[in-house]
$ cat upload18.txt   # compact mmCIF, C-alpha atoms
# COMPACT_ATOMS: atom_id res chain seq x y z
CA MET A 215 48.54 42.08 1.48
CA GLN A 216 47.89 44.55 -1.32
CA ILE A 217 50.92 45.31 -3.47
CA ASN A 218 51.12 48.62 -5.29
CA ALA A 219 53.80 49.83 -7.68
CA GLU A 220 55.00 53.19 -8.92
CA ILE A 221 56.32 53.55 -12.46
CA LEU A 222 59.26 55.91 -12.85
CA PHE A 223 61.79 56.75 -15.53
CA ALA A 224 65.44 55.91 -14.93
CA ASN A 225 66.55 59.41 -15.82
CA ASP A 226 63.89 61.40 -13.97
CA GLY A 227 66.06 62.02 -10.90
CA GLN A 228 63.96 59.99 -8.46
CA LEU A 229 66.37 57.05 -8.42
CA THR A 230 70.11 57.19 -7.82
CA LYS A 231 72.61 55.98 -10.38
CA ASN A 232 73.78 53.14 -8.11
CA GLN A 233 70.24 51.91 -7.58
CA LEU A 234 69.62 51.86 -11.31
CA VAL A 235 72.90 50.16 -12.23
CA LYS A 236 72.19 47.44 -9.70
CA GLN A 237 68.71 46.78 -11.05
CA PHE A 238 69.48 46.89 -14.77
CA VAL A 239 72.58 44.66 -14.69
CA ASN A 240 71.65 41.33 -16.31
CA ASN A 241 68.07 42.53 -16.60
CA GLN A 242 66.18 40.32 -19.06
CA SER A 243 62.87 42.15 -19.11
CA GLY A 244 63.71 44.54 -21.91
CA GLY A 245 63.15 48.23 -21.30
CA HIS A 246 62.19 48.09 -17.63
CA SER A 247 63.15 46.66 -14.28
CA SER A 248 60.79 45.88 -11.41
CA PHE A 249 62.14 45.80 -7.86
CA VAL A 250 61.46 46.66 -4.23
CA LEU A 251 63.05 49.84 -2.94
CA GLU A 252 62.70 50.90 0.70
CA GLY A 253 59.70 48.63 1.10
CA LYS A 254 57.95 49.91 -1.99
CA GLN A 255 57.50 48.24 -5.39
CA VAL A 256 59.10 50.32 -8.12
CA VAL A 257 59.17 49.91 -11.89
CA ALA A 258 61.99 51.79 -13.58
CA LEU A 259 61.74 52.41 -17.31
CA LYS A 260 65.20 52.70 -18.86
CA ASP A 261 64.34 55.76 -20.92
CA LYS A 262 61.58 57.25 -23.03
CA GLN A 263 63.41 57.74 -26.28
CA TRP A 264 60.42 56.24 -28.01
CA LYS A 265 60.29 56.64 -31.76
CA SER A 266 56.71 55.53 -32.31
CA LEU A 267 53.40 54.93 -30.59
CA ASP A 268 54.09 51.21 -30.86
CA ASP A 269 57.21 51.66 -28.70
CA ILE A 270 54.91 53.03 -26.01
CA ARG A 271 52.45 50.17 -26.41
CA ASN A 272 55.28 47.63 -26.20
CA ILE A 273 56.83 48.93 -22.99
CA ALA A 274 53.37 49.22 -21.40
CA GLY A 275 52.61 45.62 -22.38
CA GLU A 276 55.90 44.39 -20.90
CA VAL A 277 55.35 46.15 -17.58
CA SER A 278 51.72 45.08 -17.33
CA ARG A 279 52.57 41.43 -17.92
CA ASP A 280 55.47 41.55 -15.44
CA LEU A 281 53.44 43.16 -12.66
CA SER A 282 50.45 40.89 -13.20
CA ALA A 283 52.76 37.88 -12.83
CA GLN A 284 53.99 39.37 -9.53
CA LYS A 285 50.37 39.81 -8.38
CA VAL A 286 50.73 43.57 -8.08
CA GLN A 287 47.25 45.06 -7.62
CA THR A 288 47.78 48.62 -8.84
CA ALA A 289 50.44 50.65 -10.63
CA THR A 290 50.63 54.42 -11.02
CA ILE A 291 52.27 56.74 -13.51
CA SER A 292 51.56 60.36 -14.42
CA ALA A 293 50.35 61.59 -17.79
CA GLU A 294 53.04 64.24 -17.76
CA GLN A 295 55.73 61.54 -17.63
CA LEU A 296 54.43 60.00 -20.85
CA GLU A 297 54.32 63.23 -22.84
CA GLN A 298 56.96 63.79 -25.53
CA LYS A 299 57.89 66.55 -27.95
CA TRP A 300 56.46 64.69 -30.93
CA LEU A 301 53.12 63.69 -29.42
CA SER A 302 50.61 64.95 -26.91
CA ALA A 303 50.00 63.53 -23.46
CA ASP A 304 46.56 62.30 -24.60
CA GLU A 305 48.02 60.31 -27.51
CA ALA A 306 50.66 58.82 -25.25
CA VAL A 307 48.08 57.93 -22.59
CA THR A 308 45.86 56.16 -25.11
CA ALA A 309 48.80 54.15 -26.47
CA PHE A 310 50.05 53.26 -22.97
CA VAL A 311 46.62 52.12 -21.80
CA GLU A 312 46.10 50.10 -24.98
CA GLY A 313 49.44 48.32 -24.62
CA TRP A 314 48.85 47.79 -20.90
CA HIS A 315 45.62 45.87 -21.41
CA LEU A 316 46.91 43.86 -24.37
CA GLY A 317 50.21 42.88 -22.75
CA ALA A 318 48.49 40.99 -19.93
CA TYR A 319 46.12 39.18 -22.32
CA HIS A 320 45.72 35.44 -21.75
CA PHE A 321 43.53 32.84 -23.41
CA ASP A 322 43.40 30.35 -20.54
CA ARG A 323 39.85 29.12 -20.98
CA TYR A 324 40.97 25.49 -21.21
CA GLN A 325 43.85 25.57 -18.73
CA SER A 326 43.53 24.46 -15.12
CA LYS A 327 45.97 27.15 -13.98
CA LYS A 328 44.49 30.57 -14.64
CA ALA A 329 46.45 33.76 -15.22
CA ASN A 330 46.67 36.37 -12.48
CA PRO A 331 44.29 39.33 -12.78
CA ILE A 332 45.67 42.30 -14.69
CA THR A 333 47.31 44.99 -12.57
CA VAL A 334 45.06 48.05 -12.38
CA LEU A 335 46.68 51.05 -14.05
CA GLU A 336 46.19 54.53 -12.59
CA ILE A 337 47.42 57.47 -14.69
CA LYS A 338 47.52 60.67 -12.67
CA ASP A 339 46.11 63.80 -14.30
CA ALA A 340 45.09 61.90 -17.42
CA ASP A 341 42.21 62.94 -19.65
CA GLN A 342 39.63 60.21 -19.07
CA ALA A 343 38.57 60.30 -22.72
CA ALA A 344 42.13 59.33 -23.67
CA VAL A 345 42.08 56.52 -21.12
CA LYS A 346 38.74 55.25 -22.41
CA ALA A 347 40.01 55.31 -26.00
CA GLY A 348 42.92 53.06 -25.02
CA VAL A 349 40.60 50.62 -23.25
CA VAL A 350 38.17 50.47 -26.19
CA ARG A 351 40.98 49.85 -28.67
CA ALA A 352 42.45 47.11 -26.50
CA GLU A 353 39.08 45.44 -25.94
CA ALA A 354 38.42 45.36 -29.69
CA MET A 355 41.75 43.66 -30.30
CA LYS A 356 41.18 41.24 -27.44
CA PHE A 357 37.83 40.31 -28.95
CA SER A 358 39.58 39.48 -32.23
CA ARG A 359 42.19 37.45 -30.35
CA ASP A 360 39.53 35.51 -28.45
CA LEU A 361 37.74 34.62 -31.67
CA MET A 362 40.94 33.41 -33.33
CA ASN A 363 42.15 31.44 -30.31
CA GLU A 364 38.82 29.67 -29.77
CA LEU A 365 38.64 25.96 -30.62
CA SER A 366 37.14 25.01 -33.96
CA ASP A 367 34.60 22.63 -32.38
CA VAL A 368 33.40 25.55 -30.24
CA LEU A 369 33.51 28.33 -32.83
CA ASN A 370 32.17 26.97 -36.08
CA PRO A 371 29.86 28.24 -38.87
CA GLN A 372 26.77 27.42 -36.81
CA THR A 373 27.88 28.85 -33.44
CA TYR A 374 29.89 31.85 -34.69
CA PRO A 375 26.80 33.96 -35.57
CA LYS A 376 25.37 33.57 -32.04
CA VAL A 377 28.68 34.70 -30.54
CA LEU A 378 28.42 37.88 -32.58
CA LYS A 379 24.77 38.45 -31.72
CA ASP A 380 25.55 38.12 -28.01
CA TYR A 381 28.63 40.36 -28.19
CA PHE A 382 26.93 43.22 -30.05
CA LYS A 383 23.66 43.05 -28.11
CA GLY A 384 22.91 46.49 -26.73
CA THR A 385 25.05 48.30 -29.30
CA LYS A 386 24.01 50.04 -32.52
CA VAL A 387 25.39 47.15 -34.58
CA LYS A 388 22.66 45.20 -36.36
CA VAL A 389 23.52 41.53 -36.91
CA ASP A 390 21.72 39.61 -39.68
CA VAL A 391 22.44 35.92 -40.21
CA LEU A 392 21.82 34.00 -43.41
CA GLY A 393 21.50 30.23 -43.10
CA LYS A 394 22.05 27.67 -45.83
CA LYS A 395 18.62 28.19 -47.40
CA GLU A 396 19.11 31.96 -47.72
CA ILE A 397 22.65 31.43 -49.01
CA GLU A 398 21.25 29.17 -51.72
CA GLU A 399 18.60 31.76 -52.60
CA ARG A 400 21.31 34.41 -52.97
CA GLN A 401 23.38 32.10 -55.15
CA MET A 402 26.48 32.34 -52.97
CA ASN A 403 27.89 29.29 -54.68
CA GLY A 404 31.47 29.66 -53.48
CA VAL A 405 30.30 29.40 -49.87
CA LEU A 406 28.03 26.47 -50.68
CA THR A 407 30.83 24.62 -52.48
CA VAL A 408 33.58 25.00 -49.87
CA CYS A 409 31.42 23.83 -46.97
CA ARG A 410 30.19 20.63 -48.62
CA GLY A 411 32.59 18.30 -46.79
CA SER A 412 31.78 19.67 -43.33
CA LYS A 413 29.20 18.50 -40.83
CA TYR A 414 28.43 22.18 -40.21
CA GLU A 415 26.15 24.11 -42.52
CA PRO A 416 27.49 27.47 -43.71
CA SER A 417 26.44 30.89 -42.49
CA PHE A 418 26.77 34.36 -43.97
CA VAL A 419 26.69 37.23 -41.47
CA GLU A 420 25.95 40.86 -42.33
CA MET A 421 26.56 43.42 -39.60
CA THR A 422 25.63 47.05 -40.18
CA LEU A 423 26.52 50.16 -38.22
CA GLN A 424 25.10 53.41 -39.53
CA THR A 425 25.62 56.33 -37.18
CA ASP A 426 26.04 58.89 -39.97
CA ALA A 427 24.11 58.27 -43.19
CA SER A 428 26.04 61.06 -44.93
CA LYS A 429 29.24 59.02 -44.75
CA PRO A 430 30.23 56.77 -47.68
CA LEU A 431 29.19 53.13 -47.27
CA VAL A 432 32.26 51.05 -46.40
CA ALA A 433 32.12 47.25 -46.81
CA LEU A 434 34.51 45.12 -44.75
CA VAL A 435 34.67 41.53 -46.02
CA GLY A 436 36.34 38.97 -43.76
CA LYS A 437 37.27 35.36 -44.50
CA GLY A 438 35.50 33.14 -41.99
CA VAL A 439 36.99 29.65 -42.44
CA THR A 440 36.67 28.35 -38.88
CA TYR A 441 38.96 25.42 -39.66
CA ASP A 442 40.95 24.76 -42.80
CA SER A 443 42.14 21.20 -43.31
CA GLY A 444 42.73 21.91 -46.99
CA GLY A 445 39.73 19.82 -47.95
CA ILE A 446 40.48 17.00 -50.41
CA SER A 447 43.81 18.76 -51.11
CA LEU A 448 44.72 17.92 -47.52
CA LYS A 449 47.39 19.85 -45.65
CA GLY A 450 50.39 17.87 -44.40
CA GLY A 451 51.76 19.78 -41.42
CA ARG A 452 52.85 18.17 -38.15
CA ASP A 453 50.63 20.50 -36.12
CA ASP A 454 47.74 22.05 -37.99
CA SER A 455 45.91 23.24 -34.88
CA ASP A 456 46.47 26.89 -35.81
CA MET A 457 44.31 26.36 -38.89
CA ARG A 458 41.43 27.24 -36.56
CA MET A 459 42.80 30.77 -37.02
CA ASP A 460 42.01 30.73 -40.72
CA MET A 461 39.01 32.87 -39.79
CA GLY A 462 41.43 35.67 -38.80
CA GLY A 463 40.05 37.98 -41.48
CA SER A 464 36.58 37.70 -40.00
CA ALA A 465 38.01 38.26 -36.52
CA ALA A 466 39.63 41.47 -37.78
CA VAL A 467 36.30 42.64 -39.18
CA CYS A 468 34.51 41.82 -35.93
CA GLY A 469 37.15 43.63 -33.89
CA ALA A 470 36.84 46.65 -36.16
CA MET A 471 33.08 46.73 -35.64
CA SER A 472 33.65 46.53 -31.89
CA LEU A 473 36.07 49.47 -31.97
CA LEU A 474 33.73 51.55 -34.10
CA ALA A 475 30.66 50.75 -32.02
CA TYR A 476 32.19 51.31 -28.59
CA SER A 477 34.03 54.48 -29.58
CA ASP A 478 30.78 56.02 -30.90
CA ALA A 479 32.37 56.59 -34.31
CA LYS A 480 30.41 58.42 -37.00
CA VAL A 481 30.39 55.82 -39.77
CA ASN A 482 28.32 54.01 -42.38
CA VAL A 483 29.76 50.51 -42.50
CA VAL A 484 28.71 46.95 -43.29
CA ALA A 485 30.66 43.84 -42.33
CA LEU A 486 30.23 40.79 -44.56
CA ILE A 487 31.44 37.43 -43.26
CA PRO A 488 31.07 34.13 -45.15
CA MET A 489 31.49 31.31 -42.61
CA VAL A 490 32.50 27.79 -43.56
CA GLU A 491 34.61 24.87 -42.42
CA ASN A 492 36.88 23.33 -45.07
CA THR A 493 37.15 19.61 -44.44
CA PRO A 494 37.16 16.44 -46.55
CA GLY A 495 34.05 14.27 -46.57
CA PRO A 496 31.78 12.22 -48.83
CA GLU A 497 30.22 15.38 -50.30
CA ALA A 498 33.37 17.50 -50.40
CA VAL A 499 34.25 19.44 -53.55
CA MET A 500 36.77 17.65 -55.75
CA PRO A 501 39.61 19.32 -57.67
CA GLY A 502 38.41 19.94 -61.22
CA GLU A 503 34.84 20.90 -60.36
CA VAL A 504 33.48 24.22 -61.66
CA ILE A 505 31.65 26.87 -59.61
CA GLN A 506 29.25 29.24 -61.36
CA TYR A 507 29.14 32.58 -59.53
CA LYS A 508 26.21 34.97 -59.38
CA ASN A 509 28.10 37.62 -61.39
CA GLY A 510 28.47 35.20 -64.32
CA ILE A 511 32.10 34.16 -63.75
CA SER A 512 32.85 30.43 -63.69
CA VAL A 513 35.77 29.09 -61.65
CA GLN A 514 37.47 25.72 -61.87
CA VAL A 515 38.67 24.44 -58.50
CA GLY A 516 42.28 23.49 -59.13
CA ASN A 517 43.05 23.02 -55.44
CA THR A 518 40.58 22.83 -52.57
CA ASP A 519 43.14 24.39 -50.21
CA ALA A 520 42.73 27.70 -52.04
CA GLU A 521 39.26 27.97 -50.54
CA GLY A 522 39.38 31.40 -48.92
CA ARG A 523 39.23 33.25 -52.21
CA LEU A 524 36.23 31.14 -53.25
CA ILE A 525 34.11 32.40 -50.35
CA LEU A 526 35.50 35.94 -50.40
CA ALA A 527 34.27 36.16 -54.00
CA ASP A 528 30.68 35.86 -52.72
CA GLY A 529 31.36 38.53 -50.10
CA LEU A 530 32.79 40.92 -52.71
CA ILE A 531 29.81 40.36 -55.01
CA ARG A 532 27.52 41.17 -52.07
CA ALA A 533 29.48 44.38 -51.32
CA GLU A 534 28.86 45.59 -54.87
CA GLU A 535 25.15 44.69 -54.63
CA LEU A 536 24.90 46.88 -51.52
CA GLY A 537 26.47 49.79 -53.38
CA ALA A 538 29.56 50.09 -51.19
CA GLU A 539 31.68 53.12 -52.12
CA TYR A 540 34.75 51.59 -50.46
CA THR A 541 35.48 47.89 -50.02
CA VAL A 542 38.20 46.10 -48.07
CA ASP A 543 38.53 42.33 -47.90
CA ILE A 544 40.91 40.79 -45.39
CA ALA A 545 42.06 37.20 -45.05
CA THR A 546 44.74 34.80 -43.90
CA LEU A 547 45.04 33.99 -47.58
CA THR A 548 48.50 32.87 -48.74
CA GLY A 549 51.77 31.53 -47.45
CA ALA A 550 53.36 33.49 -50.28
CA VAL A 551 52.78 36.81 -48.49
CA VAL A 552 54.79 35.45 -45.56
CA SER A 553 57.69 34.72 -47.91
CA ALA A 554 57.42 38.26 -49.27
CA LEU A 555 56.95 40.26 -46.05
CA GLY A 556 57.64 37.97 -43.11
CA THR A 557 55.65 37.90 -39.89
CA GLU A 558 55.61 41.57 -38.87
CA VAL A 559 53.87 43.18 -41.84
CA GLY A 560 50.67 42.43 -43.76
CA GLY A 561 50.28 42.96 -47.50
CA VAL A 562 47.76 45.24 -49.17
CA PHE A 563 46.74 45.20 -52.83
CA GLY A 564 44.37 47.24 -54.96
CA ASP A 565 43.85 50.97 -55.35
CA GLU A 566 47.34 52.45 -55.06
CA GLU A 567 46.38 55.73 -53.38
CA LEU A 568 44.18 54.00 -50.82
CA ALA A 569 46.86 51.35 -50.19
CA PHE A 570 49.41 53.99 -49.21
CA LYS A 571 46.76 55.75 -47.10
CA MET A 572 46.21 52.48 -45.26
CA LYS A 573 49.97 52.04 -44.80
CA LYS A 574 50.24 55.41 -43.05
CA ILE A 575 47.34 54.45 -40.78
CA GLY A 576 49.03 51.16 -39.90
CA ASP A 577 52.30 52.95 -39.15
CA GLN A 578 50.47 54.84 -36.40
CA ASN A 579 48.19 52.20 -34.92
CA GLY A 580 50.58 49.23 -34.96
CA ASP A 581 48.88 47.08 -37.62
CA PHE A 582 51.79 47.44 -40.01
CA ILE A 583 51.13 46.90 -43.71
CA TRP A 584 52.97 47.27 -46.99
CA PRO A 585 51.51 47.90 -50.48
CA LEU A 586 52.21 45.17 -53.05
CA PRO A 587 51.41 45.30 -56.79
CA LEU A 588 48.76 43.53 -58.83
CA VAL A 589 50.83 42.60 -61.89
CA ASP A 590 48.40 42.35 -64.81
CA VAL A 591 50.58 40.06 -66.90
CA TYR A 592 50.36 37.39 -64.18
CA GLU A 593 46.60 37.16 -64.62
CA GLU A 594 46.97 34.69 -67.50
CA SER A 595 48.35 32.17 -64.99
CA LEU A 596 44.77 31.86 -63.68
CA ASP A 597 43.42 30.71 -67.07
CA SER A 598 41.47 27.46 -67.20
CA ALA A 599 40.62 25.27 -70.18
CA TYR A 600 37.26 24.40 -68.58
CA ALA A 601 36.05 27.64 -66.97
CA ASP A 602 36.63 31.38 -67.05
CA CYS A 603 39.46 31.00 -64.55
CA ASN A 604 41.12 28.67 -62.07
CA ASN A 605 41.31 29.31 -58.33
CA ILE A 606 45.08 28.71 -58.31
CA SER A 607 47.88 30.00 -60.48
CA SER A 608 49.97 27.90 -62.86
CA MET A 609 53.00 29.89 -61.66
CA SER A 610 55.17 28.62 -58.82
CA GLU A 611 55.82 32.15 -57.55
CA ALA A 612 53.95 35.40 -56.83
CA GLY A 613 51.17 33.49 -55.06
CA ALA A 614 49.97 36.47 -53.01
CA ILE A 615 49.72 38.59 -56.15
CA THR A 616 47.83 36.00 -58.19
CA ALA A 617 45.41 35.47 -55.28
CA GLY A 618 44.76 39.22 -55.34
CA LEU A 619 44.25 39.10 -59.10
CA PHE A 620 41.68 36.35 -58.62
CA LEU A 621 39.75 38.45 -56.09
CA ARG A 622 39.89 41.49 -58.35
CA LYS A 623 37.61 39.64 -60.80
CA PHE A 624 34.83 39.81 -58.19
CA ALA A 625 35.58 43.11 -56.47
CA PRO A 626 33.80 46.43 -57.10
CA LYS A 627 35.52 48.35 -59.87
CA LYS A 628 36.68 51.23 -57.69
CA ASN A 629 38.05 51.90 -54.21
CA TRP A 630 38.86 48.26 -53.43
CA LEU A 631 41.65 46.95 -51.21
CA HIS A 632 42.67 43.38 -50.42
CA VAL A 633 44.64 42.69 -47.21
CA ASP A 634 46.57 39.43 -46.84
CA MET A 635 47.27 38.92 -43.13
CA ALA A 636 48.55 35.32 -43.21
CA GLY A 637 51.95 36.25 -41.81
CA VAL A 638 50.68 38.38 -38.95
CA MET A 639 47.82 36.28 -37.59
CA ASP A 640 49.78 35.04 -34.55
CA LYS A 641 53.02 35.34 -32.61
CA GLN A 642 55.34 32.45 -31.80
CA LYS A 643 56.73 34.13 -28.69
CA THR A 644 55.65 36.68 -26.13
CA LYS A 645 57.04 40.15 -26.68
CA GLY A 646 55.84 43.70 -26.07
CA TYR A 647 52.06 43.83 -25.99
CA TYR A 648 51.74 40.53 -27.84
CA THR A 649 51.52 37.13 -26.20
CA LYS A 650 52.21 33.77 -27.83
CA SER A 651 48.84 33.46 -29.50
CA ALA A 652 46.59 35.23 -31.97
CA THR A 653 47.49 38.88 -32.53
CA GLY A 654 44.12 40.48 -33.23
CA TYR A 655 45.67 42.07 -36.30
CA GLY A 656 43.40 44.15 -38.50
CA ALA A 657 40.83 45.37 -35.99
CA ARG A 658 42.53 48.74 -35.57
CA LEU A 659 43.59 48.93 -39.20
CA LEU A 660 40.08 48.50 -40.58
CA ALA A 661 38.38 50.70 -37.99
CA ASP A 662 40.82 53.59 -38.40
CA TYR A 663 40.72 53.27 -42.18
CA THR A 664 36.92 53.40 -42.09
CA THR A 665 36.82 56.55 -39.95
CA SER A 666 39.38 58.24 -42.22
CA LEU A 667 37.07 58.09 -45.24
CA LYS A 668 35.01 61.17 -45.93

$ encode --input "upload18.txt" --output "structure tokens"
Amino acid sequence: MQINAEILFANDGQLTKNQLVKQFVNNQSGGHSSFVLEGKQVVALKDKQWKSLDDIRNIAGEVSRDLSAQKVQTATISAEQLEQKWLSADEAVTAFVEGWHLGAYHFDRYQSKKANPITVLEIKDADQAAVKAGVVRAEAMKFSRDLMNELSDVLNPQTYPKVLKDYFKGTKVKVDVLGKKEIEERQMNGVLTVCRGSKYEPSFVEMTLQTDASKPLVALVGKGVTYDSGGISLKGGRDDSDMRMDMGGSAAVCGAMSLLAYSDAKVNVVALIPMVENTPGPEAVMPGEVIQYKNGISVQVGNTDAEGRLILADGLIRAEELGAEYTVDIATLTGAVVSALGTEVGGVFGDEELAFKMKKIGDQNGDFIWPLPLVDVYEESLDSAYADCNNISSMSEAGAITAGLFLRKFAPKKNWLHVDMAGVMDKQKTKGYYTKSATGYGARLLADYTTSLK
């Protein structure tokens, strides 16, 4: 039997007060209640005093997940119901559709019990362009989530490039893959050093999307460490399985390219992804070794678990070679940013004006971010007696800042931002349009930032 549901608001006059009181007493599902009324499935939303677009995404995600679990086939709501004084119906529709598709997300590839299919959402009188925008945004984020959730023996530096080639086949995104030989020829010595302990050879992927050559070239550099054991400086956690998500920066970049490509955005963008696995082994880099970079800077490896910045350095050098007018690197880089900002907000460093521009973008699209300073006086903590600098700071604090200062040595001299997403890479519990898994953070942030540049 097909089950359909109608989504209503508690204060829209279609439900009596007694019916609502009965359904919302002891209700544990947050801002909605799902029940059968006169033989029909009804979803009542408590109110629509939403203060942000993310409030809309969250309630949509909750309802979608609830109805999918109940095996409801379709649910209907009207565009007019979603409209508010502070935003248009189209904006609300896009946010609701986006949250709807993300809330029912599951990564059940390796589970015997599969999730129920997502409930089909029908929005009456909605602009189909607004609906499509919500779907495209959700699919981009889901792509990032899938990449981050995938097992490290499945997604590794040798298989990752093929995944991208297959995904972007048929789009305007051009995917070029550099193997170990080409990486050596380009003197990407950070990448070559970090991967030495792994059984997988490194890759460096360049994806280009040029739909408007008059636009400034934007370089998006994503950390692609498909598993981070810490190398010789081995991690000591009880459960390090989420270290497969240390390629979250690259997943954000890939999701951004998906959003840009499938929304037919007018952009001029290149994605640069160094891909390595950081594991101990007979050939692994040892603390104390020195890396000579192509731009002339030498780096002593003080700790092999500070590997992300070593490969991002090669990506940043490449961005400058390509003549990028704007550059953003993004990475699950430091635990220190989690101490500073927690697990709801990423940190952004670099050009102050651009950092605050990115913050405003994140406030709207849900990838929340907060500008943090690059304190020049801390740079001396990266000094080395054996090389131009060390890859870790001699300070016991300000780790996110000193990591940013390290990257600044390799970044283009203008219009550069560094995003540390270590705290926001995954969720520990299901809530709103997030499930207990990878978040897909950064896909929307990078794509919307790119389209905002003139």

$ atom_distance --input "upload18.txt" --atom1 "atom CA of Asp597 of chain A" --atom2 "atom CA of Ala636 of chain A"
24.8 Å

$ atom_distance --input "upload18.txt" --atom1 "atom CA of Glu558 of chain A" --atom2 "atom CA of Leu301 of chain A"
24.2 Å

$ residues_around --input "upload18.txt" --residues "Ser464 of chain A" --least-positions-apart "6" --cutoff "6 Å" --atoms "all atoms listed in the file" --output "number ranges by chain"
A: 436-438

$ axis_aligned_box --input "upload18.txt" --around "segment 644-651 of chain A" --padding-each-side "8 Å" --output "lines of an AutoDock Vina configuration file"
center_x = 52.9
center_y = 38.6
center_z = -27.7
size_x = 24.2
size_y = 26.4
size_z = 19.5

$ residues_around --input "upload18.txt" --residues "segment 391-395 of chain A" --least-positions-apart "6" --cutoff "7 Å" --atoms "only C-alpha atoms" --output "list in words"
Pro375, Glu415, Pro416, Ser417, Phe418, Val419 and Glu420 of chain A

$ write_last_selection --input "upload18.txt" --atoms "C-alpha atoms" --output "PDB file, in the frame of the given file"
ATOM      1  CA  PRO A 375      26.800  33.960 -35.570  1.00  0.00           C
ATOM      2  CA  GLU A 415      26.150  24.110 -42.520  1.00  0.00           C
ATOM      3  CA  PRO A 416      27.490  27.470 -43.710  1.00  0.00           C
ATOM      4  CA  SER A 417      26.440  30.890 -42.490  1.00  0.00           C
ATOM      5  CA  PHE A 418      26.770  34.360 -43.970  1.00  0.00           C
ATOM      6  CA  VAL A 419      26.690  37.230 -41.470  1.00  0.00           C
ATOM      7  CA  GLU A 420      25.950  40.860 -42.330  1.00  0.00           C
TER       8      GLU A 420
END

$ residues_around --input "upload18.txt" --residues "Ser266 of chain A" --least-positions-apart "4" --cutoff "10 Å" --atoms "only C-alpha atoms" --output "PyMOL selection string"
chain A and resi 270-271+300-301+306+309+577-580

$ residues_around --input "upload18.txt" --residues "Ala527 of chain A" --least-positions-apart "5" --cutoff "9 Å" --atoms "all atoms listed in the file" --output "VMD selection string"
chain A and resid 402 404 to 405 507 522 532 620 to 625

$ residues_near_point --input "upload18.txt" --point "(28.0, 57.9, -42.0)" --cutoff "6 Å" --atoms "all atoms listed in the file" --output "number ranges by chain"
A: 424-429, 480-482

$ closest_residue --input "upload18.txt" --among "A:Glu593, A:Asp565, A:Asp519, A:Asp322" --to "Tyr540 of chain A" --atoms "all atoms listed in the file"
A:Asp565

$ residues_around --input "upload18.txt" --residues "Leu316 of chain A" --least-positions-apart "2" --cutoff "12 Å" --atoms "only C-alpha atoms" --output "mmCIF file with C-alpha atoms, keeping the file's coordinate frame"
data_model
loop_
_atom_site.group_PDB
_atom_site.id
_atom_site.type_symbol
_atom_site.label_atom_id
_atom_site.label_comp_id
_atom_site.auth_asym_id
_atom_site.auth_seq_id
_atom_site.Cartn_x
_atom_site.Cartn_y
_atom_site.Cartn_z
ATOM 1 C CA ARG A 271 52.450 50.170 -26.410
ATOM 2 C CA ASN A 272 55.280 47.630 -26.200
ATOM 3 C CA ILE A 273 56.830 48.930 -22.990
ATOM 4 C CA ALA A 274 53.370 49.220 -21.400
ATOM 5 C CA GLY A 275 52.610 45.620 -22.380
ATOM 6 C CA GLU A 276 55.900 44.390 -20.900
ATOM 7 C CA VAL A 277 55.350 46.150 -17.580
ATOM 8 C CA SER A 278 51.720 45.080 -17.330
ATOM 9 C CA ARG A 279 52.570 41.430 -17.920
ATOM 10 C CA ALA A 309 48.800 54.150 -26.470
ATOM 11 C CA PHE A 310 50.050 53.260 -22.970
ATOM 12 C CA VAL A 311 46.620 52.120 -21.800
ATOM 13 C CA GLU A 312 46.100 50.100 -24.980
ATOM 14 C CA GLY A 313 49.440 48.320 -24.620
ATOM 15 C CA TRP A 314 48.850 47.790 -20.900
ATOM 16 C CA ALA A 318 48.490 40.990 -19.930
ATOM 17 C CA TYR A 319 46.120 39.180 -22.320
ATOM 18 C CA HIS A 320 45.720 35.440 -21.750
ATOM 19 C CA PHE A 321 43.530 32.840 -23.410
ATOM 20 C CA ILE A 332 45.670 42.300 -14.690
ATOM 21 C CA THR A 333 47.310 44.990 -12.570
ATOM 22 C CA GLY A 348 42.920 53.060 -25.020
ATOM 23 C CA VAL A 349 40.600 50.620 -23.250
ATOM 24 C CA VAL A 350 38.170 50.470 -26.190
ATOM 25 C CA ARG A 351 40.980 49.850 -28.670
ATOM 26 C CA ALA A 352 42.450 47.110 -26.500
ATOM 27 C CA GLU A 353 39.080 45.440 -25.940
ATOM 28 C CA ALA A 354 38.420 45.360 -29.690
ATOM 29 C CA MET A 355 41.750 43.660 -30.300
ATOM 30 C CA LYS A 356 41.180 41.240 -27.440
ATOM 31 C CA PHE A 357 37.830 40.310 -28.950
ATOM 32 C CA SER A 358 39.580 39.480 -32.230
ATOM 33 C CA ARG A 359 42.190 37.450 -30.350
ATOM 34 C CA ASP A 360 39.530 35.510 -28.450
ATOM 35 C CA THR A 644 55.650 36.680 -26.130
ATOM 36 C CA LYS A 645 57.040 40.150 -26.680
ATOM 37 C CA GLY A 646 55.840 43.700 -26.070
ATOM 38 C CA TYR A 647 52.060 43.830 -25.990
ATOM 39 C CA TYR A 648 51.740 40.530 -27.840
ATOM 40 C CA THR A 649 51.520 37.130 -26.200
ATOM 41 C CA LYS A 650 52.210 33.770 -27.830
ATOM 42 C CA SER A 651 48.840 33.460 -29.500
ATOM 43 C CA ALA A 652 46.590 35.230 -31.970
ATOM 44 C CA THR A 653 47.490 38.880 -32.530
ATOM 45 C CA GLY A 654 44.120 40.480 -33.230
#

$ closest_residue --input "upload18.txt" --among "A:Gly613, A:Gly444, A:Pro371, A:Gly510" --to "Ser595 of chain A" --atoms "all atoms listed in the file"
A:Gly613

$ atom_distance --input "upload18.txt" --atom1 "atom CA of Arg658 of chain A" --atom2 "atom CA of Gln287 of chain A"
28.6 Å
